[in-house]
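Coordinates from structure-v8.pdb are shown below (PDB, C-alpha atoms and all ligand atoms).
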```pdb
ATOM      1  CA  MET U 287      21.984  10.065  10.702
ATOM      2  CA  THR U 288      24.222  11.022   7.760
ATOM      3  CA  LYS U 289      23.576   9.428   4.429
ATOM      4  CA  ASP U 290      26.141   7.093   2.929
ATOM      5  CA  PRO U 291      28.307   9.176   0.519
ATOM      6  CA  ASN U 292      28.297   6.243  -1.883
ATOM      7  CA  PHE U 293      24.552   6.056  -1.756
ATOM      8  CA  SER U 294      23.793   7.869  -5.011
ATOM      9  CA  ALA U 295      26.059   5.554  -6.937
ATOM     10  CA  SER U 296      24.715   2.443  -5.251
ATOM     11  CA  ARG U 297      21.135   3.562  -5.816
ATOM     12  CA  ARG U 298      21.750   3.564  -9.510
ATOM     13  CA  ALA U 299      22.357  -0.149  -9.384
ATOM     14  CA  PHE U 300      19.680  -1.961 -11.306
ATOM     15  CA  LEU U 301      17.638  -4.166  -9.018
ATOM     16  CA  SER U 302      15.121  -6.540 -10.508
ATOM     17  CA  LEU U 303      13.456  -8.677  -7.895
ATOM     18  CA  PRO U 304      10.298 -10.628  -8.644
ATOM     19  CA  ARG U 305       7.583 -10.111  -6.108
ATOM     20  CA  ARG U 306       4.402 -11.982  -5.558
ATOM     21  CA  SER U 307       1.470  -9.855  -6.493
ATOM     22  CA  ARG U 308      -1.043 -10.903  -3.849
ATOM     23  CA  ASP U 309       0.701 -11.685  -0.589
ATOM     24  CA  ALA U 310       3.725  -9.421  -0.599
ATOM     25  CA  ALA U 311       4.292  -7.115   2.353
ATOM     26  CA  ILE U 312       2.892  -3.636   1.833
ATOM     27  CA  ARG U 313       5.917  -1.369   1.945
ATOM     28  CA  PRO U 314       5.603   2.397   2.458
ATOM     29  CA  PRO U 315       4.776   4.509  -0.608
ATOM     30  CA  ARG U 316       7.874   5.459  -2.635
ATOM     31  CA  SER U 317       9.570   2.217  -1.580
ATOM     32  CA  THR U 318       9.666  -1.288  -3.015
ATOM     33  CA  GLU U 319      10.901  -4.694  -1.904
ATOM     34  CA  ALA U 320      14.126  -3.942  -3.728
ATOM     35  CA  SER U 321      14.760  -0.550  -2.178
ATOM     36  CA  ILE U 322      13.925  -1.812   1.314
ATOM     37  CA  ALA U 323      16.140  -4.873   0.865
ATOM     38  CA  ALA U 324      19.006  -2.774  -0.434
ATOM     39  CA  TYR U 325      18.998   0.202   1.911
ATOM     40  CA  CYS U 326      16.767  -0.174   4.969
ATOM     41  CA  THR U 327      18.667  -0.468   8.262
ATOM     42  CA  GLY U 328      15.601  -0.942  10.477
ATOM     43  CA  CYS U 329      16.190   2.383  12.226
ATOM     44  CA  GLN U 330      12.430   2.996  12.819
ATOM     45  CA  GLU U 331      12.549   6.624  11.678
ATOM     46  CA  CYS U 332       9.637   5.972   9.312
ATOM     47  CA  THR U 333       7.470   4.326  11.952
ATOM     48  CA  THR U 334       7.957   7.337  14.213
ATOM     49  CA  ALA U 335       7.334   9.836  11.427
ATOM     50  CA  CYS U 336       4.063   8.430  10.109
ATOM     51  CA  PRO U 337       1.237  10.667  11.398
ATOM     52  CA  GLU U 338      -1.299   7.913  10.745
ATOM     53  CA  ASN U 339       0.669   5.356  12.753
ATOM     54  CA  ILE U 340       0.294   2.713  10.049
ATOM     55  CA  ILE U 341       3.940   1.679   9.687
ATOM     56  CA  SER U 342       5.508  -0.983  11.875
ATOM     57  CA  LEU U 343       8.619  -3.107  11.602
ATOM     58  CA  ASN U 344       8.071  -6.762  10.847
ATOM     59  CA  ALA U 345       9.999  -9.686  12.287
ATOM     60  CA  ASN U 346      12.859  -8.850   9.927
ATOM     61  CA  GLN U 347      12.939  -5.265  11.217
ATOM     62  CA  ARG U 348      11.689  -3.892   7.920
ATOM     63  CA  PRO U 349       8.732  -1.498   7.476
ATOM     64  CA  VAL U 350       5.288  -2.756   6.550
ATOM     65  CA  LEU U 351       1.946  -0.986   6.400
ATOM     66  CA  SER U 352      -1.278  -2.148   7.980
ATOM     67  CA  PHE U 353      -4.558  -0.273   7.997
ATOM     68  CA  ASP U 354      -5.716  -1.225  11.472
ATOM     69  CA  SER U 355      -5.209   2.266  12.845
ATOM     70  CA  GLY U 356      -5.692   4.421   9.785
ATOM     71  CA  ALA U 357      -5.147   4.975   6.087
ATOM     72  CA  CYS U 358      -2.260   6.322   4.088
ATOM     73  CA  THR U 359      -2.521   9.978   3.089
ATOM     74  CA  PHE U 360       0.557   9.774   0.864
ATOM     75  CA  CYS U 361       2.029  12.617   2.883
ATOM     76  CA  SER U 362       5.612  11.384   2.264
ATOM     77  CA  ALA U 363       6.622  11.942   5.877
ATOM     78  CA  CYS U 364       8.062   8.434   5.984
ATOM     79  CA  ALA U 365      10.145   9.030   2.876
ATOM     80  CA  GLU U 366      11.414  12.351   4.184
ATOM     81  CA  ALA U 367      12.347  10.814   7.539
ATOM     82  CA  CYS U 368      14.199   7.839   6.082
ATOM     83  CA  PRO U 369      17.946   8.562   6.477
ATOM     84  CA  THR U 370      19.063   6.084   3.819
ATOM     85  CA  ASP U 371      16.454   6.808   1.130
ATOM     86  CA  ALA U 372      15.311   3.183   1.364
ATOM     87  CA  ILE U 373      11.823   4.627   0.972
ATOM     88  CA  ASP U 374      12.308   7.617  -1.298
ATOM     89  CA  ALA U 375      14.533   5.629  -3.673
ATOM     90  CA  ALA U 376      11.428   4.370  -5.441
ATOM     91  CA  ARG U 377       9.644   7.712  -5.629
ATOM     92  CA  ASP U 378       9.070   7.353  -9.378
ATOM     93  CA  ILE U 379       7.456   3.922  -9.098
ATOM     94  CA  THR U 380       3.688   3.923  -9.056
ATOM     95  CA  TRP U 381       2.135   2.652  -5.826
ATOM     96  CA  PRO U 382       0.908  -0.797  -6.935
ATOM     97  CA  TRP U 383      -1.705  -1.581  -4.301
ATOM     98  CA  LYS U 384      -5.434  -1.691  -5.010
ATOM     99  CA  ALA U 385      -8.429  -2.559  -2.853
ATOM    100  CA  GLU U 386     -10.046  -5.973  -3.266
ATOM    101  CA  VAL U 387     -13.335  -7.016  -1.660
ATOM    102  CA  GLN U 388     -13.456 -10.406   0.054
ATOM    103  CA  GLU U 389     -16.302 -12.829   0.671
ATOM    104  CA  ALA U 390     -16.955 -11.494   4.185
ATOM    105  CA  CYS U 391     -18.491  -8.307   2.739
ATOM    106  CA  LEU U 392     -21.812  -7.587   4.438
ATOM    107  CA  SER U 393     -23.475  -6.208   1.306
ATOM    108  CA  ARG U 394     -22.693  -9.374  -0.564
ATOM    109  CA  GLN U 395     -24.722 -11.222   2.073
ATOM    110  CA  GLY U 396     -27.701  -8.879   1.893
ATOM    111  CA  ILE U 397     -26.817  -6.755   4.936
ATOM    112  CA  MET U 398     -27.008  -3.043   4.207
ATOM    113  CA  CYS U 399     -23.564  -1.432   4.253
ATOM    114  CA  ARG U 400     -21.982   1.350   2.200
ATOM    115  CA  THR U 401     -19.112   2.215   4.549
ATOM    116  CA  CYS U 402     -16.380   1.668   2.005
ATOM    117  CA  GLU U 403     -18.119   3.804  -0.590
ATOM    118  CA  ASP U 404     -18.622   6.585   1.935
ATOM    119  CA  VAL U 405     -14.951   6.806   2.925
ATOM    120  CA  CYS U 406     -13.441   6.454  -0.525
ATOM    121  CA  GLU U 407     -12.329   9.949  -1.511
ATOM    122  CA  PRO U 408     -11.486   9.122  -5.158
ATOM    123  CA  ARG U 409     -14.982   7.603  -5.537
ATOM    124  CA  ALA U 410     -13.463   4.314  -6.689
ATOM    125  CA  ILE U 411     -16.220   2.126  -5.244
ATOM    126  CA  ARG U 412     -19.713   1.635  -6.642
ATOM    127  CA  PHE U 413     -22.341  -0.970  -5.911
ATOM    128  CA  LYS U 414     -23.943  -3.386  -8.321
ATOM    129  CA  LEU U 415     -27.374  -4.539  -7.167
ATOM    130  CA  ALA U 416     -28.089  -8.262  -7.150
ATOM    131  CA  LEU U 417     -31.015 -10.520  -6.272
ATOM    132  CA  GLY U 418     -32.131 -11.068  -2.680
ATOM    133  CA  GLY U 419     -31.257  -7.589  -1.438
ATOM    134  CA  LYS U 420     -27.589  -8.231  -2.030
ATOM    135  CA  SER U 421     -25.203  -5.838  -3.679
ATOM    136  CA  GLU U 422     -21.653  -6.143  -4.849
ATOM    137  CA  PRO U 423     -19.025  -3.473  -4.149
ATOM    138  CA  LEU U 424     -16.965  -2.990  -7.285
ATOM    139  CA  ILE U 425     -13.530  -1.353  -7.255
ATOM    140  CA  ASP U 426     -12.440   0.847 -10.135
ATOM    141  CA  VAL U 427      -8.734   0.057 -10.005
ATOM    142  CA  ASP U 428      -7.920   3.042 -12.192
ATOM    143  CA  GLN U 429      -9.427   5.347  -9.590
ATOM    144  CA  CYS U 430      -8.274   3.433  -6.499
ATOM    145  CA  SER U 431      -5.235   5.085  -4.913
ATOM    146  CA  GLY U 432      -4.542   2.174  -2.565
ATOM    147  CA  CYS U 433      -4.948   4.432   0.454
ATOM    148  CA  GLY U 434      -6.550   1.710   2.572
ATOM    149  CA  ALA U 435      -9.334   3.918   3.932
ATOM    150  CA  CYS U 436     -11.903   1.313   2.938
ATOM    151  CA  ALA U 437      -9.910  -1.519   4.514
ATOM    152  CA  HIS U 438      -9.550   0.508   7.702
ATOM    153  CA  SER U 439     -13.270   1.321   7.874
ATOM    154  CA  CYS U 440     -14.896  -1.912   6.744
ATOM    155  CA  PRO U 441     -16.874  -3.347   9.689
ATOM    156  CA  ALA U 442     -16.411  -6.884   8.355
ATOM    157  CA  GLN U 443     -12.686  -6.522   7.616
ATOM    158  CA  ALA U 444     -13.629  -7.610   4.126
ATOM    159  CA  ILE U 445     -11.190  -5.496   2.132
ATOM    160  CA  ARG U 446      -7.529  -6.088   1.619
ATOM    161  CA  LEU U 447      -4.964  -4.436  -0.571
ATOM    162  CA  THR U 448      -3.491  -6.478  -3.399
ATOM    163  CA  GLN U 449      -1.336  -5.911  -6.425
ATOM    164  CA  PRO U 450      -3.339  -6.681  -9.566
ATOM    165  CA  GLU U 451      -0.253  -7.550 -11.589
ATOM    166  CA  THR U 452       3.150  -9.012 -10.771
ATOM    167  CA  LYS U 453       5.858  -6.565 -11.720
ATOM    168  CA  THR U 454       9.600  -6.267 -11.542
ATOM    169  CA  GLU U 455      11.310  -3.323  -9.967
ATOM    170  CA  LYS U 456      13.919  -0.921 -11.102
ATOM    171  CA  ILE U 457      15.357   1.567  -8.658
ATOM    172  CA  PRO U 458      15.576   4.888 -10.483
ATOM    173  CA  ALA U 459      18.856   6.785 -10.632
TER     174      ALA U 459
HETATM  175  S1  LIG A   1       2.991   8.423   3.197
HETATM  176 FE1  LIG A   1       2.439   9.399   5.191
HETATM  177  S2  LIG A   1       0.570   8.315   5.890
HETATM  178 FE2  LIG A   1       1.501   7.051   4.242
HETATM  179  S3  LIG A   1       2.832   5.550   5.321
HETATM  180 FE3  LIG A   1       4.150   7.326   4.798
HETATM  181  S4  LIG A   1       4.076   8.694   6.611
HETATM  182 FE4  LIG A   1       2.357   7.223   6.795
HETATM  183  S1  LIG A   2     -17.531  -1.615   3.992
HETATM  184 FE1  LIG A   2     -16.976  -3.806   3.901
HETATM  185  S2  LIG A   2     -18.871  -4.912   4.439
HETATM  186 FE2  LIG A   2     -19.466  -2.792   3.915
HETATM  187  S3  LIG A   2     -19.984  -2.893   1.731
HETATM  188 FE3  LIG A   2     -17.815  -2.278   1.851
HETATM  189  S4  LIG A   2     -16.652  -4.209   1.699
HETATM  190 FE4  LIG A   2     -18.789  -4.739   2.189
HETATM  191  S1  LIG A   3      -8.049   1.881  -1.168
HETATM  192 FE1  LIG A   3      -8.690   4.038  -0.944
HETATM  193  S2  LIG A   3      -9.017   4.736  -3.056
HETATM  194 FE2  LIG A   3      -8.988   2.471  -3.112
HETATM  195  S3  LIG A   3     -11.144   1.841  -2.966
HETATM  196 FE3  LIG A   3     -10.297   1.864  -0.873
HETATM  197  S4  LIG A   3     -10.768   3.915  -0.066
HETATM  198 FE4  LIG A   3     -11.026   3.996  -2.303
END
```
Kindly return the structure encoded in the file as structure tokens.
Ligand code: SF4
Ligand code: SF4
Ligand code: SF4
Amino acid sequence: MTKDPNFSASRRAFLSLPRRSRDAAIRPPRSTEASIAAYCTGCQECTTACPENIISLNANQRPVLSFDSGACTFCSACAEACPTDAIDAARDITWPWKAEVQEACLSRQGIMCRTCEDVCEPRAIRFKLALGGKSEPLIDVDQCSGCGACAHSCPAQAIRLTQPETKTEKIPA
């Protein structure tokens, strides 16, 4: 597919869309709600390109990530495959997602588990011991890349990705 010749000019348009920090859809890296809303055509090129098979189209035919089948390696294959730059348009915006541990965590209930710590390559997870054989997984959000490896591997499905802060978006020129 050929890119729209007016795309560069339209991409420079300032887009400032509020997004909810906790329950927003997880868009592919290098994209935002604004860039997807502005440029995505639902062509599925990104879903086909992702080697981890973690991108699908939602009911609105727009790409969302889930970590059921794997984690994001930030390989940029989705951005490179996107014919409209709906994904790559936000390449300069920092990926906002961070891991957050939920109540279902086994360690919190005194059941031995260190799966998330074991799979976390940036070593963003450490455990704080508590009474009764319990321990609390703590996420260092500065180290967390938002890759989703912990969410994918957690046997209790006790980790989800959230955005710690609500931000506005600006699509870079
Ligand atoms: S960056 Fe790579 S692994 Fe991550 S969603 Fe895109 S294609 Fe998939
Ligand atoms: S992998 Fe899941 S259940 Fe195990 S310690 Fe981490 S958050 Fe808790
Ligand atoms: S999302 Fe990735 S980097 Fe962040 S805590 Fe989980 S495994 Fe570690």
Using the file's own x, y and z axes, what box holds all listed atoms of segment 407-415 of chain U with 6 Å on each side, keeping edges along x, y and z, and what are its centre and edge lengths in Å to one decimal, as lines of an AutoDock Vina configuration file?
```
center_x = -19.4
center_y = 2.7
center_z = -4.9
size_x = 27.9
size_y = 26.5
size_z = 18.8
```
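Of the listed residues (U:Ala437, U:Ala372, U:Ala416, U:Ala310), U:Ala437 comes nearest to Cys358 of chain U; the distances count only C-alpha atoms.
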So how far away is atom CA of Pro408 of chain U from atom CA of Cys391 of chain U, in Å?
20.4 Å
Have a look at atom CA of Ile425 of chain U and atom CA of Ala410 of chain U and let me know their distance in Å, one decimal.
5.7 Å
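Taking all atoms listed in the file into account, the residues that come within 7 Å of ligand LIG 3 (chain A) are Lys384, Ala385, Cys402, Val405, Cys406, Glu407, Pro408, Arg409, Ala410, Ile411, Ile425, Gln429, Cys430, Ser431, Gly432, Cys433, Gly434, Ala435, Cys436 and Ala437 of chain U.
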So which residues get picked by the PyMOL selection byres (((not hetatm)) within 7 of (chain A and resi 1)) here, written as a list in words?
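Evaluating the PyMOL selection byres (((not hetatm)) within 7 of (chain A and resi 1)) on these coordinates yields Pro314, Pro315, Cys332, Ala335, Cys336, Pro337, Glu338, Asn339, Ile340, Ile341, Leu351, Ala357, Cys358, Thr359, Phe360, Cys361, Ser362, Ala363, Cys364 and Ala365 of chain U.
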Please identify every residue of chain U that has at least one atom no farther than 9 Å from an atom of ligand LIG 2 (chain A), counting only C-alpha atoms and all ligand atoms, and for each give the shortest atom pair and the distance in Å to one decimal, arranged by chain then increasing number, as a Markdown table.
```
| residue | atom | partner | partner_atom | distance |
| --- | --- | --- | --- | --- |
| U:Glu386 | CA | A:LIG2 | S4 | 8.4 |
| U:Val387 | CA | A:LIG2 | S4 | 5.5 |
| U:Gln388 | CA | A:LIG2 | S4 | 7.2 |
| U:Glu389 | CA | A:LIG2 | FE4 | 8.6 |
| U:Ala390 | CA | A:LIG2 | S2 | 6.9 |
| U:Cys391 | CA | A:LIG2 | FE4 | 3.6 |
| U:Leu392 | CA | A:LIG2 | S2 | 4.0 |
| U:Ser393 | CA | A:LIG2 | S3 | 4.8 |
| U:Arg394 | CA | A:LIG2 | FE4 | 6.7 |
| U:Gln395 | CA | A:LIG2 | FE4 | 8.8 |
| U:Ile397 | CA | A:LIG2 | S2 | 8.2 |
| U:Met398 | CA | A:LIG2 | S3 | 7.4 |
| U:Cys399 | CA | A:LIG2 | FE2 | 4.3 |
| U:Arg400 | CA | A:LIG2 | S3 | 4.7 |
| U:Thr401 | CA | A:LIG2 | S1 | 4.2 |
| U:Cys402 | CA | A:LIG2 | S1 | 4.0 |
| U:Glu403 | CA | A:LIG2 | FE3 | 6.6 |
| U:Asp404 | CA | A:LIG2 | S1 | 8.5 |
| U:Val405 | CA | A:LIG2 | S1 | 8.9 |
| U:Ile411 | CA | A:LIG2 | FE3 | 8.5 |
| U:Phe413 | CA | A:LIG2 | S3 | 8.2 |
| U:Ser421 | CA | A:LIG2 | S3 | 8.1 |
| U:Glu422 | CA | A:LIG2 | S3 | 7.5 |
| U:Pro423 | CA | A:LIG2 | S3 | 6.0 |
| U:Cys436 | CA | A:LIG2 | S1 | 6.4 |
| U:Ala437 | CA | A:LIG2 | FE1 | 7.5 |
| U:Ser439 | CA | A:LIG2 | S1 | 6.5 |
| U:Cys440 | CA | A:LIG2 | S1 | 3.8 |
| U:Pro441 | CA | A:LIG2 | FE1 | 5.8 |
| U:Ala442 | CA | A:LIG2 | S2 | 5.0 |
| U:Gln443 | CA | A:LIG2 | FE1 | 6.3 |
| U:Ala444 | CA | A:LIG2 | FE1 | 5.1 |
| U:Ile445 | CA | A:LIG2 | S4 | 5.6 |
```
Counting all atoms listed in the file, closest pick from U:Ile322, U:Leu447, U:Arg377, U:His438 relative to Gly356 of chain U is U:His438
How far is it from atom CA of Arg412 of chain U to atom CA of Leu424 of chain U, in Å with one decimal?
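Computing the Euclidean distance for atom CA of Arg412 of chain U and atom CA of Leu424 of chain U yields 5.4 Å.
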If you count only C-alpha atoms, which residues fall within 12 Å of Ala345 of chain U, apart from same-chain ones fewer than 4 positions away, as a list in words?
Ala311, Gly328, Pro349 and Val350 of chain U
Pick from U:Thr318, U:Thr327, U:Gln449, U:Ser352 nearest to Cys368 of chain U, counting all atoms listed in the file
U:Thr327
Here is a test: counting all atoms listed in the file, which residue of U:Pro369, U:Ile312, U:Asp374, U:Arg446 is nearest to Ser342 of chain U?
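Once distances to Ser342 of chain U are computed over all atoms listed in the file, the minimum belongs to U:Ile312.
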For Ala320 of chain U, which residue among U:Ile379, U:Glu366, U:Thr333, U:Asp426 is the nearest when counting all atoms listed in the file?
U:Ile379
